[in-house]
$ cat run-v4.csv   # CSV, C-alpha atoms
chain,number,residue,atom,x,y,z
A,3,ALA,CA,5.4,33.3,-32.4
A,4,GLN,CA,2.1,31.8,-31.2
A,5,LYS,CA,-1.3,32.3,-32.6
A,6,ILE,CA,-4.8,31.4,-31.3
A,7,THR,CA,-7.8,31.2,-33.6
A,8,GLN,CA,-11.4,31.1,-32.3
A,9,THR,CA,-13.6,30.9,-35.4
A,10,GLN,CA,-17.0,31.3,-33.7
A,11,PRO,CA,-17.7,34.9,-32.8
A,12,GLY,CA,-21.0,33.9,-31.2
A,13,MET,CA,-22.7,30.7,-30.2
A,14,PHE,CA,-26.2,29.8,-28.8
A,15,VAL,CA,-27.0,26.8,-26.8
A,16,GLN,CA,-30.1,25.5,-25.1
A,17,GLU,CA,-30.0,25.3,-21.3
A,18,LYS,CA,-29.0,21.8,-20.1
A,19,GLU,CA,-27.4,21.0,-23.5
A,20,ALA,CA,-23.7,20.5,-24.1
A,21,VAL,CA,-21.7,23.0,-26.2
A,22,THR,CA,-18.3,22.9,-27.8
A,23,LEU,CA,-16.3,26.1,-28.3
A,24,ASP,CA,-13.6,25.8,-30.9
A,25,CYS,CA,-9.9,26.8,-30.5
A,26,THR,CA,-7.0,26.1,-32.8
A,27,TYR,CA,-3.5,27.2,-32.2
A,28,ASP,CA,-0.2,27.5,-34.0
A,29,THR,CA,3.2,27.4,-32.4
A,30,SER,CA,6.7,26.2,-33.1
A,31,ASP,CA,7.3,25.4,-29.4
A,32,GLN,CA,7.5,21.7,-28.4
A,33,SER,CA,6.2,22.3,-24.9
A,34,TYR,CA,3.3,24.6,-24.2
A,35,GLY,CA,0.2,25.1,-22.2
A,36,LEU,CA,-3.4,25.9,-23.2
A,37,PHE,CA,-5.9,27.8,-21.2
A,38,TRP,CA,-9.5,28.7,-21.2
A,39,TYR,CA,-10.9,31.8,-19.5
A,40,LYS,CA,-14.5,33.0,-19.0
A,41,GLN,CA,-15.5,36.7,-19.0
A,42,PRO,CA,-19.0,37.3,-17.8
A,43,SER,CA,-20.8,40.6,-18.5
A,44,SER,CA,-19.4,42.0,-15.3
A,45,GLY,CA,-16.0,41.9,-16.9
A,46,GLU,CA,-13.7,39.9,-14.7
A,47,MET,CA,-11.5,37.2,-16.2
A,48,ILE,CA,-12.1,33.7,-14.7
A,49,PHE,CA,-9.6,30.9,-15.2
A,50,LEU,CA,-11.5,27.7,-16.2
A,51,ILE,CA,-9.1,24.9,-17.3
A,52,TYR,CA,-5.5,24.1,-18.3
A,53,GLN,CA,-4.0,21.5,-20.6
A,54,GLY,CA,-0.3,20.8,-20.9
A,55,SER,CA,1.0,19.7,-24.3
A,56,TYR,CA,2.5,16.6,-22.8
A,57,ASP,CA,-0.5,15.7,-20.7
A,58,GLU,CA,-1.9,12.4,-22.0
A,59,GLN,CA,-5.3,12.8,-20.5
A,60,ASN,CA,-7.8,15.6,-21.5
A,61,ALA,CA,-8.2,18.0,-18.7
A,62,THR,CA,-11.5,18.2,-16.9
A,63,GLU,CA,-12.8,20.6,-14.2
A,64,GLY,CA,-16.4,20.0,-13.2
A,65,ARG,CA,-18.7,20.7,-16.2
A,66,TYR,CA,-15.7,21.9,-18.3
A,67,SER,CA,-13.5,19.6,-20.3
A,68,LEU,CA,-10.8,20.3,-22.8
A,69,ASN,CA,-10.8,18.2,-26.0
A,70,PHE,CA,-7.1,18.3,-26.8
A,71,GLN,CA,-6.1,17.0,-30.2
A,72,LYS,CA,-2.4,17.7,-30.6
A,73,ALA,CA,-2.0,16.5,-34.1
A,74,ARG,CA,-4.8,18.8,-35.3
A,75,LYS,CA,-3.5,21.6,-32.9
A,76,SER,CA,-7.0,22.1,-31.4
A,77,ALA,CA,-8.0,22.6,-27.8
A,78,ASN,CA,-11.8,22.8,-27.8
A,79,LEU,CA,-13.7,23.6,-24.6
A,80,VAL,CA,-16.7,21.4,-23.9
A,81,ILE,CA,-19.3,22.7,-21.4
A,82,SER,CA,-21.8,20.0,-20.4
A,83,ALA,CA,-25.3,20.7,-19.1
A,84,SER,CA,-25.2,24.4,-19.9
A,85,GLN,CA,-26.6,26.8,-17.3
A,86,LEU,CA,-27.8,30.4,-17.8
A,87,GLY,CA,-24.8,31.5,-15.8
A,88,ASP,CA,-22.5,30.2,-18.6
A,89,SER,CA,-23.6,33.0,-20.8
A,90,ALA,CA,-20.3,34.9,-21.3
A,91,MET,CA,-17.3,35.5,-23.5
A,92,TYR,CA,-14.8,32.6,-23.6
A,93,PHE,CA,-11.2,33.1,-24.4
A,94,CYS,CA,-8.7,30.4,-25.4
A,95,ALA,CA,-5.0,31.2,-24.6
A,96,MET,CA,-1.6,29.6,-24.8
A,97,ARG,CA,1.9,30.0,-23.5
A,98,ALA,CA,5.1,28.2,-24.2
A,99,THR,CA,6.4,26.4,-21.2
A,100,GLY,CA,9.9,26.5,-20.1
A,101,ALA,CA,12.1,29.3,-18.9
A,102,GLY,CA,11.7,32.8,-20.3
A,103,SER,CA,8.2,32.9,-21.8
A,104,TYR,CA,5.4,33.4,-19.3
A,105,GLN,CA,2.9,35.6,-21.1
A,106,LEU,CA,-0.3,34.3,-22.5
A,107,THR,CA,-1.4,34.8,-26.1
A,108,PHE,CA,-5.2,35.1,-26.4
A,109,GLY,CA,-7.7,34.4,-29.1
A,110,LYS,CA,-10.4,36.9,-30.0
A,111,GLY,CA,-13.0,35.1,-28.0
A,112,THR,CA,-16.4,33.4,-28.5
A,113,LYS,CA,-19.6,34.9,-27.0
A,114,LEU,CA,-21.8,32.1,-25.7
A,115,SER,CA,-25.5,32.7,-25.0
A,116,VAL,CA,-27.5,30.1,-23.1
A,117,ILE,CA,-31.2,30.1,-24.0
A,118,PRO,CA,-33.7,29.1,-21.4
B,5,ASP,CA,-6.9,37.1,0.9
B,6,ALA,CA,-4.3,37.9,-1.8
B,7,GLU,CA,-5.6,39.9,-4.7
B,8,ILE,CA,-4.8,42.1,-7.6
B,9,THR,CA,-6.4,45.6,-7.8
B,10,GLN,CA,-6.5,48.2,-10.5
B,11,SER,CA,-7.2,51.9,-10.2
B,12,PRO,CA,-9.0,53.8,-11.4
B,13,ARG,CA,-11.7,51.5,-12.6
B,14,HIS,CA,-13.1,54.2,-14.9
B,15,LYS,CA,-11.4,57.3,-16.4
B,16,ILE,CA,-12.2,59.8,-19.0
B,17,THR,CA,-9.3,62.0,-20.3
B,18,GLU,CA,-8.5,64.3,-23.1
B,19,THR,CA,-6.2,63.7,-26.1
B,20,GLY,CA,-2.6,64.5,-25.3
B,21,ARG,CA,-2.8,64.1,-21.5
B,22,GLN,CA,-0.6,61.7,-19.6
B,23,VAL,CA,-2.5,59.0,-17.8
B,24,THR,CA,-1.3,56.4,-15.4
B,25,LEU,CA,-3.2,53.2,-14.5
B,26,ALA,CA,-2.2,51.5,-11.3
B,27,CYS,CA,-1.9,47.8,-10.7
B,28,HIS,CA,-1.1,46.3,-7.3
B,29,GLN,CA,-0.9,42.6,-6.4
B,30,THR,CA,-0.4,41.0,-3.0
B,31,TRP,CA,0.5,37.5,-4.1
B,32,ASN,CA,4.2,38.3,-4.4
B,33,HIS,CA,4.2,37.1,-8.0
B,34,ASN,CA,7.3,37.9,-10.0
B,35,ASN,CA,5.4,38.1,-13.4
B,36,MET,CA,3.1,41.0,-14.1
B,37,PHE,CA,1.3,41.9,-17.4
B,38,TRP,CA,-0.8,44.6,-19.0
B,39,TYR,CA,-3.3,43.7,-21.6
B,40,ARG,CA,-5.8,45.8,-23.5
B,41,GLN,CA,-9.2,44.4,-24.6
B,42,ASP,CA,-11.0,45.7,-27.7
B,43,LEU,CA,-14.0,44.4,-29.5
B,44,GLY,CA,-12.9,42.0,-32.2
B,45,HIS,CA,-9.3,41.7,-30.9
B,46,GLY,CA,-9.5,39.8,-27.7
B,47,LEU,CA,-6.8,40.6,-25.2
B,48,ARG,CA,-3.5,42.0,-26.6
B,49,LEU,CA,-0.3,42.2,-24.6
B,50,ILE,CA,1.0,45.7,-24.0
B,51,HIS,CA,4.0,45.3,-21.6
B,52,TYR,CA,5.2,42.8,-19.1
B,53,SER,CA,7.7,42.3,-16.3
B,54,TYR,CA,9.3,39.2,-14.9
B,55,GLY,CA,10.7,41.0,-11.8
B,56,VAL,CA,11.9,44.2,-10.2
B,57,GLN,CA,13.6,46.5,-12.7
B,58,ASP,CA,12.6,44.2,-15.6
B,59,THR,CA,10.2,45.4,-18.3
B,60,ASN,CA,9.5,44.2,-21.8
B,61,LYS,CA,7.4,45.3,-24.7
B,62,GLY,CA,4.5,43.3,-25.9
B,63,GLU,CA,2.5,43.2,-29.1
B,64,VAL,CA,1.0,46.7,-28.8
B,65,SER,CA,3.4,48.7,-26.8
B,66,ASP,CA,3.6,51.9,-28.8
B,67,GLY,CA,2.4,54.9,-26.7
B,68,TYR,CA,2.7,53.0,-23.4
B,69,SER,CA,5.4,52.6,-20.8
B,70,VAL,CA,5.7,50.7,-17.5
B,71,SER,CA,8.1,50.6,-14.6
B,72,ARG,CA,8.7,48.0,-11.9
B,73,SER,CA,10.3,49.4,-8.8
B,74,ASN,CA,8.9,46.7,-6.5
B,75,THR,CA,7.3,43.3,-6.7
B,76,GLU,CA,3.8,44.5,-5.9
B,77,ASP,CA,3.2,47.2,-8.5
B,78,LEU,CA,3.3,47.7,-12.3
B,79,PRO,CA,1.8,51.1,-13.3
B,80,LEU,CA,1.0,51.6,-16.9
B,81,THR,CA,1.5,55.1,-18.3
B,82,LEU,CA,0.1,56.6,-21.5
B,83,GLU,CA,2.5,59.4,-22.2
B,84,SER,CA,0.2,61.3,-24.5
B,85,ALA,CA,-3.2,59.7,-24.7
B,86,ALA,CA,-4.8,59.2,-28.1
B,87,SER,CA,-8.4,58.3,-29.0
B,88,SER,CA,-7.1,54.9,-30.3
B,89,GLN,CA,-6.1,54.1,-26.7
B,90,THR,CA,-9.7,54.1,-25.6
B,91,SER,CA,-10.0,50.6,-24.3
B,92,VAL,CA,-10.4,48.3,-21.3
B,93,TYR,CA,-7.1,47.6,-19.7
B,94,PHE,CA,-6.4,44.5,-17.6
B,95,CYS,CA,-3.5,43.9,-15.3
B,96,ALA,CA,-2.5,40.3,-14.5
B,97,SER,CA,0.0,38.5,-12.5
B,98,GLY,CA,1.3,35.0,-12.1
B,99,PRO,CA,3.9,32.9,-10.3
B,100,TYR,CA,5.0,30.8,-13.2
B,101,ASP,CA,8.8,30.2,-13.5
B,102,GLY,CA,8.9,27.5,-16.2
B,103,THR,CA,8.4,24.6,-13.8
B,104,GLY,CA,5.7,23.2,-11.6
B,105,ASN,CA,2.4,25.0,-11.6
B,106,THR,CA,0.2,25.5,-14.6
B,107,GLY,CA,0.9,29.2,-14.7
B,108,GLU,CA,-2.5,30.6,-15.1
B,109,LEU,CA,-2.7,34.4,-14.8
B,110,PHE,CA,-4.8,36.2,-12.2
B,111,PHE,CA,-6.5,39.2,-13.5
B,112,GLY,CA,-7.6,42.5,-12.0
B,113,GLU,CA,-11.1,43.8,-12.6
B,114,GLY,CA,-10.1,46.0,-15.5
B,115,SER,CA,-9.8,49.8,-16.0
B,116,ARG,CA,-12.1,51.4,-18.6
B,117,LEU,CA,-10.3,54.3,-20.2
B,118,THR,CA,-12.0,56.8,-22.6
B,119,VAL,CA,-9.9,59.3,-24.5
B,120,LEU,CA,-11.9,62.2,-25.9

$ encode --input "run-v4.csv" --output "structure tokens"
Amino acid sequence: AQKITQTQPGMFVQEKEAVTLDCTYDTSDQSYGLFWYKQPSSGEMIFLIYQGSYDEQNATEGRYSLNFQKARKSANLVISASQLGDSAMYFCAMRATGAGSYQLTFGKGTKLSVIP
Amino acid sequence: DAEITQSPRHKITETGRQVTLACHQTWNHNNMFWYRQDLGHGLRLIHYSYGVQDTNKGEVSDGYSVSRSNTEDLPLTLESAASSQTSVYFCASGPYDGTGNTGELFFGEGSRLTVL
């Protein structure tokens, strides 16, 4: 079984500052993938970034980077230079890789508010 | 452009009625999923399918059923709606087969169901 824990129900960040959203996970799988999704107030789920458990480099996508610490089982999302449009719910998720297990397990989310 | 659509987007029903939420994707993805989103719980998996005629129970499947008669559609049925099933429902699809791509899921826009 897999479990995702997001311990920050809500976060505030000043515009143009960087912010880190925490995510820890628990799994017995040796190979797995970690994801972050953004959900703005309009409700759609937007894929942000992916990290494979065997990837040696931390994933980056524009202003998003994933701080992956395998030994600590953490996969924190770092947003640099926050913008007002970054205000949203953010969900961490994971899936075992390999045949037969394709569903994502989600954390409870963190609500990020960017202050002008 | 390929897409995933849900209908209806909003529905109000009464306790005990049968309700069906439709999900249609044009990506030709084998894998399709239904999640429900509730405050404080994140997204929880209801049912999923890895192909035509394949259906599987997720974490919170009681009171729900799905069927997969073709690749494009995975309707979610609430046999006898209960107030506890008031929620936002998300359908998702993905091409992941255990190899190659990252396997992120593509989500529909959500269906808000209220059971009175």

$ atom_distance --input "run-v4.csv" --atom1 "CA of Lys113 (chain A)" --atom2 "CA of Glu17 (chain A)"
15.3 Å

$ closest_atom_pairs --input "run-v4.csv" --of "chain B" --to "chain A" --cutoff "12 Å" --atoms "only C-alpha atoms" --output "Markdown table"
| residue | atom | partner | partner_atom | distance |
| --- | --- | --- | --- | --- |
| B:Ile8 | CA | A:Glu46 | CA | 11.6 |
| B:Thr9 | CA | A:Glu46 | CA | 11.5 |
| B:Gln10 | CA | A:Glu46 | CA | 11.8 |
| B:Arg13 | CA | A:Gly45 | CA | 11.4 |
| B:His33 | CA | A:Tyr104 | CA | 12.0 |
| B:Asn34 | CA | A:Tyr104 | CA | 10.5 |
| B:Asn35 | CA | A:Tyr104 | CA | 7.5 |
| B:Met36 | CA | A:Gln105 | CA | 8.8 |
| B:Phe37 | CA | A:Gln105 | CA | 7.5 |
| B:Trp38 | CA | A:Gln105 | CA | 10.0 |
| B:Tyr39 | CA | A:Leu106 | CA | 9.9 |
| B:Arg40 | CA | A:Phe108 | CA | 11.1 |
| B:Gln41 | CA | A:Lys110 | CA | 9.3 |
| B:Asp42 | CA | A:Lys110 | CA | 9.1 |
| B:Leu43 | CA | A:Lys110 | CA | 8.3 |
| B:Gly44 | CA | A:Lys110 | CA | 6.1 |
| B:His45 | CA | A:Lys110 | CA | 5.0 |
| B:Gly46 | CA | A:Lys110 | CA | 3.8 |
| B:Leu47 | CA | A:Phe108 | CA | 5.9 |
| B:Arg48 | CA | A:Phe108 | CA | 7.1 |
| B:Leu49 | CA | A:Thr107 | CA | 7.6 |
| B:Ile50 | CA | A:Gln105 | CA | 10.7 |
| B:His51 | CA | A:Gln105 | CA | 9.8 |
| B:Tyr52 | CA | A:Gln105 | CA | 7.8 |
| B:Ser53 | CA | A:Gln105 | CA | 9.5 |
| B:Tyr54 | CA | A:Tyr104 | CA | 8.3 |
| B:Gly55 | CA | A:Gly102 | CA | 11.9 |
| B:Asn60 | CA | A:Gln105 | CA | 10.9 |
| B:Lys61 | CA | A:Gln105 | CA | 11.3 |
| B:Gly62 | CA | A:Gln105 | CA | 9.2 |
| B:Glu63 | CA | A:Thr107 | CA | 9.7 |
| B:Val92 | CA | A:Gly45 | CA | 9.6 |
| B:Tyr93 | CA | A:Gly45 | CA | 10.9 |
| B:Phe94 | CA | A:Met47 | CA | 9.0 |
| B:Cys95 | CA | A:Met47 | CA | 10.5 |
| B:Ala96 | CA | A:Met47 | CA | 9.7 |
| B:Ser97 | CA | A:Gln105 | CA | 9.5 |
| B:Gly98 | CA | A:Tyr104 | CA | 8.4 |
| B:Pro99 | CA | A:Tyr104 | CA | 9.1 |
| B:Tyr100 | CA | A:Tyr104 | CA | 6.6 |
| B:Asp101 | CA | A:Ala101 | CA | 6.4 |
| B:Gly102 | CA | A:Gly100 | CA | 4.1 |
| B:Thr103 | CA | A:Gly100 | CA | 6.7 |
| B:Gly104 | CA | A:Gly100 | CA | 10.0 |
| B:Asn105 | CA | A:Tyr52 | CA | 10.4 |
| B:Thr106 | CA | A:Tyr52 | CA | 6.9 |
| B:Gly107 | CA | A:Tyr104 | CA | 7.7 |
| B:Glu108 | CA | A:Phe49 | CA | 7.1 |
| B:Leu109 | CA | A:Phe49 | CA | 7.7 |
| B:Phe110 | CA | A:Phe49 | CA | 7.8 |
| B:Phe111 | CA | A:Met47 | CA | 6.0 |
| B:Gly112 | CA | A:Glu46 | CA | 7.2 |
| B:Glu113 | CA | A:Glu46 | CA | 5.1 |
| B:Gly114 | CA | A:Glu46 | CA | 7.1 |
| B:Ser115 | CA | A:Gly45 | CA | 10.1 |
| B:Arg116 | CA | A:Gly45 | CA | 10.4 |

$ atom_distance --input "run-v4.csv" --atom1 "CA of Ser33 (chain A)" --atom2 "CA of Asn60 (chain A)"
15.9 Å

$ residues_around --input "run-v4.csv" --residues "Ala77 (chain A)" --least-positions-apart "2" --cutoff "8 Å" --atoms "only C-alpha atoms" --output "list in words"
Asp24, Cys25, Thr26, Tyr27, Leu36, Leu68, Asn69, Phe70, Gln71, Lys72, Lys75 and Leu79 of chain A

$ atom_distance --input "run-v4.csv" --atom1 "CA of Asp5 (chain B)" --atom2 "CA of Thr30 (chain B)"
8.5 Å

$ closest_residue --input "run-v4.csv" --among "A:Ala90, A:Val80, A:Ala73, A:Ala61" --to "Gly12 (chain A)" --atoms "only C-alpha atoms"
A:Ala90

$ residues_around --input "run-v4.csv" --residues "Gln85 (chain A)" --least-positions-apart "4" --cutoff "10 Å" --atoms "all atoms listed in the file" --output "VMD selection string"
chain A and resid 15 to 20 81 89 115 to 118
